[in-house]
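**Student:** Sharing a structure here in structure tokens format.
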Amino acid sequence: ADFKIQKIEVEGNKRISFETIRSYLPVDIGDELTPSKVQEGIEKLYKTGFFRDVAFFEQGDGVLVIRVLERPSIADITIEGNELIKTEDMNMALDSLGVKKGRIFNDTQMDRIILDLRRRYQNQGYYAAEVDIEVTELPRNRVGLLIKVEEGKPASIGRITLVGNQTYEDDRLKSAMLLSESAMIGDSDKYAKPKLQSDIETLRSYYMDRGFAEFKVISSQVSLSLDKTQVFLTINMKEGPQYTISTIKFTGETIITQDELRGLLRIREGEYFSRSKIVATVNAIRDRLSEEGYAFAEIEPITNLDKDNRLVSLDFRIEPKSRVYVRRIRIEGNTRTKDYVIRRELRQFESAPYSLKAVRRSNTRLNRLGYFKTAKIDTDRISKDQVDLVVKVEEQSTGSFNAGVGYSQVDGVSFTLGVTERNVIGSGYRANINGTYSASTKSADVGVTNPYFTVDGVSLGGGLYYREIDAAELDVSSYTTNNYGIRFNLGYPTSEWSSLNYGLKFDDQTLQCVDDFLYCKNYTAEYGKHFNSVRYTMGWSHDTKNAFYFPTDGQSTSVSGELVIPTNSDVSFYKLFFNETFYQPLSDIFTLRLKGDLAYGDGYNGSKGIPFYENFYAGGIGTVRGYEPNSLGPRYDEATDGSDDPTGGRIRIISNAEVIFPMPFIEDSGNLRLSLFADAGNVFTDWNEVKLPEFRSSVGLGVSWITPVGPLSFSFAKALNYTDTDKTQVFQFNLGVAM
Amino acid sequence: CSLVEKDESEWTVKDFYEHAKDAYNSEQWESAIEYYEKLKAYYPYGKYAEQSYLELAYSYYRYDEPESAQRELEEFIRLYPKHSALPYAYYLRALSADSINKSWFDSWLTDPASRDMDSTQEAYNAYLELLSRFPTSKYSAKARERLIVLRNRMARHEYQVAEYYFKRKAYLASANRAKFIVETYPRSMVNIYALQLMRDAYQKLGMTQNAEDAQAVIDLNLARIEAQEKEDEN
Amino acid sequence: CSFFTPYKATITQGTVINQDALDTLQPGLVMAQVKDILGPPLGQDPYNPFHWEYVFYTTDPTFHPDAVRHMYVNFDREGFLTDWKILQREPHPGD
Amino acid sequence: CSSPKVVRVPAPLIEMSSPYQAHKDWQLQVDGFKYSDSEGLYFAKGEDTIYFGVPSGNITKALTQPQGRWTDQVVWQKKLNEPVVSGPTLYDDLLIIGTSKAHVMALSQKDGHIVWQTPVSSEVLSRAIVVEGQAYVRTVDGKLYSVNATSGKINWVVEHQLPNLSLRGIAPVTYDEGTLYVGWESGKVEALDAATGERRWQVQVIIPKGRTDLERMVDIQAALIMKGGRLFVLGYQGKLVALNPENGNLYWAKDISGFRDFLIDQQALYIVDEDDIVYAIDYVNGTQLWKQDRFKYRQLADPVFYGTNQILLADDLGYIHWIDKIDGTAVARVEVGSEYGTSDRIVRVNVAGKRIYVQDNDGFNTAYTIQPSDWYEFNHPEDPLGIIEQKDTP
């Protein structure tokens with residue numbers, strides 16, 4: 001009779017637990033132990049790879065004893081002699097073969113590892129590479145693996161022979177190829193199979209883009225020199241005739257007009273046949289149809305060759321397929337920002353026709369919010385005519401925060417707190433709370449804005465501010481203004497790219513002069529010290545930048561004005577601001593940035609110019625780098641005015657040109673940019689003073705780093721046409737003004 | 001534990017486990033994690049390794065690294081398919097997924113329903129798997145409770161989006177979102193509001209028949225709710 | 001729109017059905033065929049699967065001005081198209 | 001498991017007091033273009049003239065006897081605008097060469113002008129074998145062409161499937177009584193009707209082993225030899241086999257792997273294997289007569305017979321060795337490389353009568369004759385090369 005199991009025991013397992021072994025058994029307590037079950041159990045336990053030997057024993061009164069001999073586990077793996085393939089890549093390769101610290105060692109894997117590693121080397125052209133593994137026994141049934149690699153030299157390229165290229169010389173073709181017969185630097189003379197594949201593709205597109213519609217690489221041969229150190233490549237090609245485009249037509253359901261289709265053509269009749277231009281045309285048509293909602297349109301370029309007179313007629317066959325609709329839009333990754341704060345930026349709606357233009361526009365708007373490190377929109381096809389959109393965002397810190405306690409002999413203990421947050425707990429609100437308290441300065445500024453006061457993006461905000469400064473703290477000039485007041489701002493979009501904004505500020509200001517600053521004294525004598533006013537501002541801006549931090553394309557123009565209507569004095573003046581910033585991608589890493597900035601102020605109904613404390617200043621980061629902050633422009637006359645500080649001016653003109661590029665050599669340089677810049681600008685009291693030599697300029701290197709605490713910028717600048725009275729400053733840094 | 005500090009590589013599995021357990025009990029999750037990871041590296045199989053998977057996962061959970069906790073638990077489930085502590089493993093995995101979307105503002109200022117639904121869905125599936133595998137485990141009650149909370153959160157999310165589209169006058173989008181709630185989360189708290197929103201959207205769209213059919217269902221629901229309340233009173 | 005009026009982003013809803021789609025409608029079509037002609041039934045009555053309402057409206061006057069604004073189709077129990085009615089052909093004023 | 005091969009250190013020179021020195025009759029460096037042992041270039045010997053091609057495309061006809069001045073050693077030189085990679089082969093009054101731009105060309109022996117030029121599918125890497133007016137050449141993409149040697153018209157072409165990786169260089173075909181024998185890079189030997197190209201039989205002589213392209217290389221790089229009703233085939237990473245030319249059946253096989261051309265005479269086959277060990281094998285039954293491993297890893301060039309019973313071996317370090325055909329012992333040695341300059345690698349060597357022609361890695365073509373060294377004047381040891389008795393006029 002068969003053996004009925006009452007109890008199961010395991011012997012010899014030091015490392016594998018009873019629990020694990022039991023989980024692989026085909027039998028359990030109470031089952032019949034038939035020979036086939038025993039066989040199955042042994043097989044299963046062997047298949048786990050844990051054991052060198054497995055045996056089943058029946059002991060008296062129903063006890064099934066399983067005796068196992070465990071295989072050793074791998075204690076450590078060391079690799080010697082590998083340069084080409086780094087140790088972590090080696091470990092990853094070993095992982096994929098199941099060879100890792102702690103795993104069970106089984107010697108049959110060793111040959112597989114040697115073979116795999118050798119093939120990895122051969123793939124890189126290291127034909128002479130050798131791999132060997134030494135296994136050393138360690139206590140407690142463990143083993144150590146020493147993988148010895150002898151890389152040898154990679155097979156360098158002996159010769160590349162191109163057969164069949166009549167029209168283009170060997171050298172011209174070889175210069176376009178990755179592989180080359182001799183390379184001073186880099187490894188282009190080292191053979192690797194992937195490089196050959198891509199070179200063949202390069203040759204094909206080189207010819208197919210110059211009219212050779214029937215170009216074919218017939219075959220390619222790779223052979224080794226007898227001592228295996230050199231590789232010889234032969235690429236046999238057949239050029240075929242050079243074709244020019246005879247006619248171009250569009251067939252099938254074109255959806256858009258023939259003229260508009262012709263407008264999308266990247267290739268014209270009479271030009272040489274060019275595969276890349278045809279592909280570019282197909283993409284252009286596909287995008288255009290996608291904008292009409294036909295997201296899965298198929299455009300097939302049919303070429304029929306007239307071999308005798310080397311003409312090819314092009315027929316773009318258009319199959320729009322069904323119009324596509326968006327069913328649902330899912331948002332992922334917003335661990336902080338609320339769903340509607342993202343959804344309200346989208347220009348594509350659910351239960352609506354799909355529009356590529358709307359999706360792309362939505363993507364740009366999300367990137368311009370500045371809430372996300374990355375934002376992209378994927379399309380998830382559900383049926384023939386419906387898609388879901390998946391908005392994937394990666395949050396980043398949207399605030400800058402600084403708090404500190406300082407001490408200086410002059411000022412005693414000072415406390416500062418500064419929090420500006422552009423996405424308060426994910427609600428989309430902008431808020432800032434700043435305060436400093438020290439012996440000489442007490443200031444506070446609290447503000448909040450809701451960019452979406454209305455559903456369509458009318459923004460409303462306001463804030464309170466208070467500032468009281470004891471004299472001579474700022475190094476601008478020896479006077480201070482204490483103000484407090486309240487401000488409101490309202491803005492609304494006037495188009496997809498432009499918006500209008502209005503501001504109203506009720507300001508109470510007192511002017512305090514340092515006693516020996518005569519100019520200030522005379523001013524207060526004439527106009528008094530106390531100025532209350534209503535400041536009304538209005539501005540229009542047009543912005544097509546493609547990102548919040550470090551845009552690489554688009555431009556932004558803003559024109560704004562401030563009208564100051566005095567309530568307790570007749571100091572009435574206005575200020576006008578004009579700013580134009582232009583971004584142009586030079587390549588996929590270099591971006592050109594040009595900026596022009598004009599500020600101008602003057603009095604009205606009777607008063608002349610603007611009060612001296614409202615003057616504009618220039619110098620330092622944000623205006624003209626390389627000069628001490630606010631140090632440019634005319635200065636007071638020590639004798640008559642009692643100070644030689646810069647006066648500032650009621651006209652300020654700044655321009656700067658910059659080439660921006662990511663920090664080289666580090667992978668994730670998402671939040672870091674370098675730039676070579678040239679700044680020029682100055683402040684003037686009157687238009688007639690504005691002459692080119694008067695402009696101060698500098699060139700230098702800028703660094704902009706978006707830290708979790710806010711944008712930080714450094715600059716190393718060399719001032720150019722400075723005079724001896726100018727105060728230059730090579731190194732400057734600033735927290736808060738992004739590039 | 002052992003007085004003189006032997007060099008770690010000399011430690012037996014017991015030494016590692018004791019160090020880890022001390023740190024675990026005194027809630028120093030960082031050093032607990034360190035010792036458990038070392039124990040698993042040096043003694044990858046056997047009794048202690050089994051136990052340390054679970055305690056390591058719990059330490060990661062309390063150390064607010066839910067993804068690491070999930071990884072350890074999934075490894076444990078794979079290695080010990082019939083282990084007695086599996087229900088706990090599935091439950092802890094669900095808890096970790098549930099904690100990804102947590103934020104301490106939630107109780108008074110913000111609503112998790114307005115944030116990333118991915119992790120909520122993951123937690124929901126984890127609790128579901130626990131219930132389907134171990135319907136009678138001691139965690140099942142708590143799991144059922146969380147399922148209801150999560151289901152309501154997901155419904156609430158749908159409702160918020162439906163409301164948003166209604167405000168933006170995208171009535172068809174709003175109607176279909178509401179319809180999604182009614183079909184997918186019929187027993188959620190927002191179900192009645194979803195019905196009403198759907199009816200309003202259909203009215204705005206001029207789809208009178210859809211609106212009337214929706215109204216009929218609303219009346220039905222309201223009647224049932226009243227009956228329910230009468231019953232609760234007596 | 002003039003320089004000062006606030007801009008409202010385009011809102012579009014529903015399916016685009018033009019005249020030649022209408023012309024191909026005929027009774028007896030199966031649901032799948034109607035779906036091919038008119039587009040996905042975004043306005044299907046949740047409580048009566050045989051009654052589909054189709055709407056289309058947009059705030060951009062240049063986007064498919066000729067599309068049908070509101071129509072419905074009905075099917076019998078076996079899912080064959082019985083009747084349809086166009087309730088609104090031109091855009092609502094101020095749509 | 002295999003321990004990594006130690007770097008292949010060449011065997012030291014054998015202790016011997018060789019009474020000879022190599023006298024340089026004449027030397028031509030065509031245009032400094034490097035020779036490499038991976039091409040099909042060859043010396044073609046007329047009565048008193050010799051022709052050689054250079055990869056740069058330059059063909060030279062030179063006199064074998066040393067002339068007074070170096071310049072009149074050259075009869076004519078012709079520069080083609082395509083690199084020459086195989087030949088020349090003499091036929092009638094033509095020179096047949098193969099270029100890397102997929103052309104088979106025939107030049108006139110008199111003045112080198114191009115008589116005919118035939119385009120083929122790829123690099124013509126094997127030296128042409130001309131039989132009964134047909135020139136048989138092989139291209140690097142696995143094709144065998146039969147071309148009319150006088151007109152250049154293509155008679156027929158056969159194609160063969162190649163492995164991913166093979167050794168550079170292709171063995172010329174072997175002809176015997178109307179049949180062509182081809183050793184393909186795939187390790188297969190095929191017999192074809194010379195007139196029509198139809199296949200008589202095909203046999204997989206060497207089976208590719210292992211998984212990487214490198215391990216699976218099974219080129220038959222050495223030219224096949226037909227003698228005594230047997231077809232001898234030497235395979236790389238394979239074996240030395242004797243086949244029945246009628247049907248390809250195996251007579252015997254020997255575990256020797258090599259890629260150098262090998263020699264045969266009345267008694268034996270003489271083979272230089274992969275590691276530069278020299279074997280003599282009885283060609284009837286395949287038994288090993290002797291083995292000479294004192295030249296291991298010296299990267300020997302293709303061996304050539306010298307005189308009646310010696311074999312000449314030129315190595316990579318600028319030495320020429322002679323071994324005795326009967327027992328393989330080293331009998332003499334001269335140094336050609338060092339004192340004349342930088343030539344470090346002898347790529348090809350050929351013997352005509354007592355004169356030795358050497359092509360080296362720096363593009364030099366040099367003719368030497370062996371003379372008694374001044375050391376010989378004093379102690380008169382024996383003269384294994386038998387050059388001193390005849391004392392032919394220098």
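Every chain in the structure tokens takes a letter, A first, then B, and so on in the order presented; its residues are numbered from 1, and the ligands are numbered from 1 following the presented order.
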Out of stretch 417-572 of chain A, which residues get helix (DSSP H, G or I) from DSSP, as a list in words?

**Tutor:**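 Restricting stretch 417-572 of chain A to helix (DSSP H, G or I) produces Val424, Ile425, Gly426, Leu518, Tyr519, Cys520, Lys521, Asn522, Tyr523, Thr524, Ala525, Glu526 and Tyr527 of chain A.
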
**Student:** Restrict the selected residues to N, CA and C atoms and save them as a short mmCIF file (atom, residue, chain, number, x, y, z; two decimals), in the first residue's frame.

**Tutor:**
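Contents of part_31.cif, as written:
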```cif
data_model
loop_
_atom_site.label_atom_id
_atom_site.label_comp_id
_atom_site.auth_asym_id
_atom_site.auth_seq_id
_atom_site.Cartn_x
_atom_site.Cartn_y
_atom_site.Cartn_z
N VAL A 424 1.03 77.61 -4.17
CA VAL A 424 0.80 77.36 -2.74
C VAL A 424 0.01 76.06 -2.57
N ILE A 425 0.60 75.12 -1.88
CA ILE A 425 0.10 73.73 -1.66
C ILE A 425 -0.69 73.23 -2.88
N GLY A 426 -0.13 73.49 -4.03
CA GLY A 426 -0.72 72.90 -5.22
C GLY A 426 -2.01 73.56 -5.69
N LEU A 518 22.97 117.46 0.94
CA LEU A 518 22.31 118.76 0.72
C LEU A 518 21.23 118.66 -0.36
N TYR A 519 21.53 117.90 -1.44
CA TYR A 519 20.58 117.82 -2.56
C TYR A 519 19.21 117.37 -2.01
N CYS A 520 19.29 116.39 -1.14
CA CYS A 520 18.04 115.85 -0.60
C CYS A 520 17.39 116.91 0.28
N LYS A 521 18.24 117.57 1.06
CA LYS A 521 17.70 118.62 1.95
C LYS A 521 16.97 119.67 1.12
N ASN A 522 17.62 120.16 0.04
CA ASN A 522 16.98 121.22 -0.76
C ASN A 522 15.64 120.69 -1.33
N TYR A 523 15.70 119.41 -1.76
CA TYR A 523 14.49 118.84 -2.38
C TYR A 523 13.34 118.88 -1.37
N THR A 524 13.63 118.37 -0.15
CA THR A 524 12.52 118.33 0.84
C THR A 524 12.10 119.76 1.20
N ALA A 525 13.09 120.63 1.19
CA ALA A 525 12.70 122.04 1.49
C ALA A 525 11.67 122.48 0.46
N GLU A 526 11.92 122.17 -0.80
CA GLU A 526 11.02 122.66 -1.84
C GLU A 526 9.70 121.87 -1.87
N TYR A 527 9.82 120.51 -1.82
CA TYR A 527 8.58 119.74 -2.04
C TYR A 527 8.05 119.11 -0.75
#
```

**Student:** Using only C-alpha atoms, which protein or nucleic acid residues come within 8 Å of stretch 132-145 of chain B? Drop anything in the same chain fewer than 6 positions from it, and give the result as a PyMOL selection string.

**Tutor:** chain B and resi 87-88+91

**Student:** Keeping only C-alpha atoms, write those residues as a compact mmCIF listing (two decimals), in the first residue's frame.

**Tutor:**
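Contents of again_6.txt, freshly written:
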```
# COMPACT_ATOMS: atom_id res chain seq x y z
CA PRO B 87 -1.68 38.11 4.60
CA TYR B 88 0.45 40.58 6.58
CA TYR B 91 -1.66 44.14 3.80
```

**Student:** Based on the backbone DSSP call, show me all residues of stretch 102-230 of chain A assigned strand (DSSP E or B), as a PyMOL selection string.

**Tutor:** chain A and resi 104+130-138+142-150+156-163+190+216-224+230

**Student:** How close does chain C get to chain A? List, as CSV, each residue of chain C within 9 Å, its nearest atom pair and the distance in Å to one decimal, counting only C-alpha atoms.

**Tutor:**
```
residue,atom,partner,partner_atom,distance
C:Cys1,CA,A:Thr494,CA,8.6
C:Ser2,CA,A:Thr494,CA,8.5
C:Phe3,CA,A:Thr494,CA,6.8
C:Phe4,CA,A:Thr494,CA,6.6
C:Thr5,CA,A:Thr494,CA,6.3
C:Pro6,CA,A:Thr494,CA,4.8
C:Tyr7,CA,A:Thr494,CA,4.4
C:Lys8,CA,A:Asp456,CA,5.8
C:Ala9,CA,A:Arg347,CA,7.1
C:Thr10,CA,A:Arg347,CA,7.4
C:Ile11,CA,A:Phe349,CA,7.3
C:Thr12,CA,A:Ala352,CA,6.0
C:Gln13,CA,A:Ala352,CA,4.5
C:Gly14,CA,A:Ala352,CA,5.0
C:Thr15,CA,A:Pro353,CA,6.5
C:Val16,CA,A:Pro353,CA,7.6
C:Asp36,CA,A:Ser322,CA,7.7
C:Gly39,CA,A:Asp385,CA,7.4
C:Pro40,CA,A:Asp385,CA,7.2
C:Leu42,CA,A:Ser351,CA,6.6
C:Phe56,CA,A:Ala352,CA,8.6
```

**Student:** What are the residues of chain A that have an atom within 7 Å of an atom of chain B, counting only C-alpha atoms, as a ChimeraX atom specification?

**Tutor:** /A:15-17,19-20,23,102,331-339,350-351,455

**Student:** Would you work out the distance separating atom CA of A:Val390 from atom CA of B:Gln121, expressed in Å to one decimal?

**Tutor:**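 Here the two named atoms are 15.1 Å from each other.
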
**Student:** Quote the spacing between atom CA of D:Tyr175 and atom CA of D:His103 in Å to one decimal place.

**Tutor:**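 Distance reported for this atom pair: 22.4 Å.
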
**Student:** Give me, please, the distance in Å between atom CA of B:Glu183 and atom CA of B:Tyr159, quoted to one decimal.

**Tutor:**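 Pair atom CA of B:Glu183 / atom CA of B:Tyr159 returns 12.7 Å.
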
**Student:** Determine, counting only C-alpha atoms, which protein, DNA and RNA residues have an atom within 8 Å of an atom of stretch 226-235 of chain D; residues of the same chain fewer than 3 positions away are not included. Present the result as a ChimeraX atom specification.

**Tutor:** /D:174,176,183,187,205-206,218-223,238-245,256-259

**Student:** Near chain B, meaning an atom within 12 Å, which residues of chain C appear when counting only C-alpha atoms? Write them as a ChimeraX atom specification.

**Tutor:** /C:8-15,41-59,69-74,87-88,92,95

**Student:** Keeping only N, CA, C and O atoms, write the selected residues as a compact mmCIF listing (two decimals), in the first residue's frame.

**Tutor:**
```
# COMPACT_ATOMS: atom_id res chain seq x y z
N LYS C 8 -11.12 84.30 -24.59
CA LYS C 8 -11.60 83.03 -24.02
C LYS C 8 -11.05 81.91 -24.89
O LYS C 8 -11.18 81.96 -26.13
N ALA C 9 -10.42 80.90 -24.23
CA ALA C 9 -9.85 79.79 -25.02
C ALA C 9 -11.01 79.06 -25.71
O ALA C 9 -12.13 79.03 -25.21
N THR C 10 -10.69 78.53 -26.88
CA THR C 10 -11.74 77.82 -27.64
C THR C 10 -12.22 76.60 -26.86
O THR C 10 -11.40 75.88 -26.29
N ILE C 11 -13.53 76.46 -26.82
CA ILE C 11 -14.10 75.22 -26.21
C ILE C 11 -14.86 74.51 -27.33
O ILE C 11 -15.68 75.12 -28.02
N THR C 12 -14.54 73.26 -27.51
CA THR C 12 -15.23 72.47 -28.55
C THR C 12 -15.74 71.18 -27.91
O THR C 12 -15.07 70.61 -27.05
N GLN C 13 -16.93 70.77 -28.27
CA GLN C 13 -17.51 69.55 -27.72
C GLN C 13 -18.22 68.79 -28.83
O GLN C 13 -18.74 69.37 -29.78
N GLY C 14 -18.21 67.46 -28.70
CA GLY C 14 -19.08 66.66 -29.56
C GLY C 14 -18.39 66.17 -30.81
O GLY C 14 -17.16 66.25 -30.96
N THR C 15 -19.20 65.64 -31.72
CA THR C 15 -18.65 64.97 -32.93
C THR C 15 -19.01 65.78 -34.17
O THR C 15 -20.07 66.40 -34.25
N PRO C 41 -20.61 57.39 -30.17
CA PRO C 41 -21.88 57.90 -29.58
C PRO C 41 -21.61 58.54 -28.21
O PRO C 41 -21.92 57.94 -27.17
N LEU C 42 -21.05 59.76 -28.21
CA LEU C 42 -20.68 60.38 -26.92
C LEU C 42 -21.94 60.75 -26.12
O LEU C 42 -21.90 60.90 -24.91
N GLY C 43 -23.10 60.88 -26.86
CA GLY C 43 -24.31 61.28 -26.15
C GLY C 43 -25.27 60.12 -26.00
O GLY C 43 -26.50 60.29 -26.04
N GLN C 44 -24.75 58.88 -25.83
CA GLN C 44 -25.65 57.71 -25.68
C GLN C 44 -26.40 57.84 -24.36
O GLN C 44 -25.80 58.14 -23.33
N ASP C 45 -27.71 57.60 -24.39
CA ASP C 45 -28.53 57.73 -23.18
C ASP C 45 -28.11 56.61 -22.22
O ASP C 45 -28.21 55.42 -22.56
N PRO C 46 -27.60 56.99 -21.04
CA PRO C 46 -27.09 55.97 -20.10
C PRO C 46 -28.16 54.93 -19.75
O PRO C 46 -27.83 53.79 -19.44
N TYR C 47 -29.41 55.32 -19.85
CA TYR C 47 -30.44 54.37 -19.38
C TYR C 47 -31.26 53.82 -20.54
O TYR C 47 -32.25 53.15 -20.37
N ASN C 48 -30.85 54.18 -21.79
CA ASN C 48 -31.53 53.59 -22.94
C ASN C 48 -30.53 53.45 -24.08
O ASN C 48 -30.36 54.38 -24.89
N PRO C 49 -29.79 52.34 -24.10
CA PRO C 49 -28.67 52.18 -25.05
C PRO C 49 -29.10 52.27 -26.52
O PRO C 49 -28.26 52.37 -27.40
N PHE C 50 -30.43 52.27 -26.80
CA PHE C 50 -30.84 52.31 -28.20
C PHE C 50 -31.11 53.74 -28.65
O PHE C 50 -31.55 53.96 -29.78
N HIS C 51 -30.86 54.72 -27.77
CA HIS C 51 -31.11 56.12 -28.13
C HIS C 51 -29.80 56.90 -28.04
O HIS C 51 -29.20 56.99 -26.96
N TRP C 52 -29.28 57.32 -29.18
CA TRP C 52 -28.00 58.05 -29.18
C TRP C 52 -28.25 59.49 -29.59
O TRP C 52 -28.91 59.74 -30.61
N GLU C 53 -27.72 60.42 -28.75
CA GLU C 53 -27.83 61.84 -29.13
C GLU C 53 -26.43 62.33 -29.56
O GLU C 53 -25.44 62.03 -28.90
N TYR C 54 -26.40 63.04 -30.68
CA TYR C 54 -25.11 63.61 -31.15
C TYR C 54 -25.23 65.14 -31.09
O TYR C 54 -26.21 65.69 -31.57
N VAL C 55 -24.24 65.79 -30.44
CA VAL C 55 -24.21 67.27 -30.46
C VAL C 55 -22.85 67.72 -30.96
O VAL C 55 -21.88 66.96 -30.98
N PHE C 56 -22.81 68.97 -31.38
CA PHE C 56 -21.49 69.58 -31.72
C PHE C 56 -21.60 71.08 -31.47
O PHE C 56 -22.53 71.73 -31.96
N TYR C 57 -20.68 71.64 -30.62
CA TYR C 57 -20.64 73.12 -30.55
C TYR C 57 -19.21 73.54 -30.27
O TYR C 57 -18.41 72.77 -29.73
N THR C 58 -18.87 74.76 -30.73
CA THR C 58 -17.52 75.26 -30.53
C THR C 58 -17.56 76.79 -30.47
O THR C 58 -18.45 77.41 -31.06
N THR C 59 -16.59 77.34 -29.71
CA THR C 59 -16.58 78.82 -29.61
C THR C 59 -15.75 79.40 -30.76
O THR C 59 -15.61 80.61 -30.87
N ARG C 69 -25.46 70.38 -35.60
CA ARG C 69 -25.33 70.82 -34.20
C ARG C 69 -25.97 69.84 -33.23
O ARG C 69 -25.43 69.56 -32.17
N HIS C 70 -27.13 69.28 -33.58
CA HIS C 70 -27.75 68.38 -32.62
C HIS C 70 -28.65 67.42 -33.39
O HIS C 70 -29.47 67.84 -34.22
N MET C 71 -28.47 66.13 -33.17
CA MET C 71 -29.38 65.16 -33.79
C MET C 71 -29.43 63.93 -32.91
O MET C 71 -28.57 63.76 -32.02
N TYR C 72 -30.44 63.12 -33.10
CA TYR C 72 -30.42 61.85 -32.37
C TYR C 72 -30.77 60.71 -33.31
O TYR C 72 -31.33 60.93 -34.39
N VAL C 73 -30.39 59.52 -32.93
CA VAL C 73 -30.73 58.33 -33.71
C VAL C 73 -31.34 57.31 -32.75
O VAL C 73 -31.02 57.30 -31.56
N ASN C 74 -32.26 56.50 -33.30
CA ASN C 74 -32.85 55.44 -32.46
C ASN C 74 -32.67 54.09 -33.12
O ASN C 74 -32.68 54.01 -34.36
N LEU C 87 -32.13 67.98 -34.87
CA LEU C 87 -32.84 68.98 -34.08
C LEU C 87 -32.29 70.37 -34.34
O LEU C 87 -32.99 71.37 -34.26
N GLN C 88 -31.00 70.42 -34.65
CA GLN C 88 -30.39 71.76 -34.81
C GLN C 88 -29.29 71.64 -35.87
O GLN C 88 -28.35 70.88 -35.69
N HIS C 92 -25.85 77.56 -32.87
CA HIS C 92 -26.64 78.46 -32.03
C HIS C 92 -26.05 79.85 -32.17
O HIS C 92 -24.82 79.99 -32.27
N ASP C 95 -22.79 80.91 -30.17
CA ASP C 95 -22.35 79.60 -29.65
C ASP C 95 -20.91 79.70 -29.15
O ASP C 95 -20.09 80.37 -29.77
```

**Student:** Which residues are close to stretch 60-71 of chain B, i.e. within 6 Å by only C-alpha atoms, leaving aside same-chain residues fewer than 5 positions away? Reply as a count of residues only.

**Tutor:** 3

**Student:** Counting only C-alpha atoms, which residues from chain A have an atom at most 6 Å from any atom of chain D, and could you show them as a PyMOL selection string?

**Tutor:** chain A and resi 130+163+222-225

**Student:** Determine the nearest neighbour of A:Gly561 from the options A:Thr441, A:Gln732, A:Ser541, A:Thr416, counting only C-alpha atoms.

**Tutor:**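 For A:Gly561, the nearest of the given residues is A:Ser541.
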
**Student:** Using only C-alpha atoms, determine which residues lie at most 9 Å from B:Tyr185, disregarding the query and same-chain residues fewer than 3 positions distant; provide the list as a compact mmCIF listing (two decimals) with C-alpha atoms, in the first residue's frame.

**Tutor:**
```txt
# COMPACT_ATOMS: atom_id res chain seq x y z
CA ARG B 151 -13.47 54.00 -3.93
CA ASN B 152 -15.13 57.16 -2.65
CA MET B 154 -11.76 57.93 -6.83
CA ALA B 155 -15.43 58.77 -7.32
CA PHE B 180 -18.58 57.20 -15.65
CA ILE B 181 -19.23 57.65 -11.90
CA VAL B 182 -22.73 56.28 -12.10
CA SER B 188 -20.18 55.89 -3.78
CA MET B 189 -21.32 58.87 -1.74
CA VAL B 190 -21.16 61.23 -4.71
CA ASN B 191 -23.41 58.98 -6.81
```

**Student:** List the neighbours of D:Asn247 out to 10 Å using only C-alpha atoms; skip same-chain residues closer than 2 positions along the sequence, and give me the result as a list of chain:residue names.

**Tutor:** D:Glu190, D:Ala191, D:Arg200, D:Trp201, D:Gln202, D:Val203, D:Leu243, D:Asn244, D:Pro245, D:Asn249, D:Leu250

**Student:** Give me the residues within 8 Å of A:Leu735 as a PyMOL selection string, counting only C-alpha atoms and dropping any in the same chain fewer than 2 places off.

**Tutor:** chain A and resi 710-713+733+737
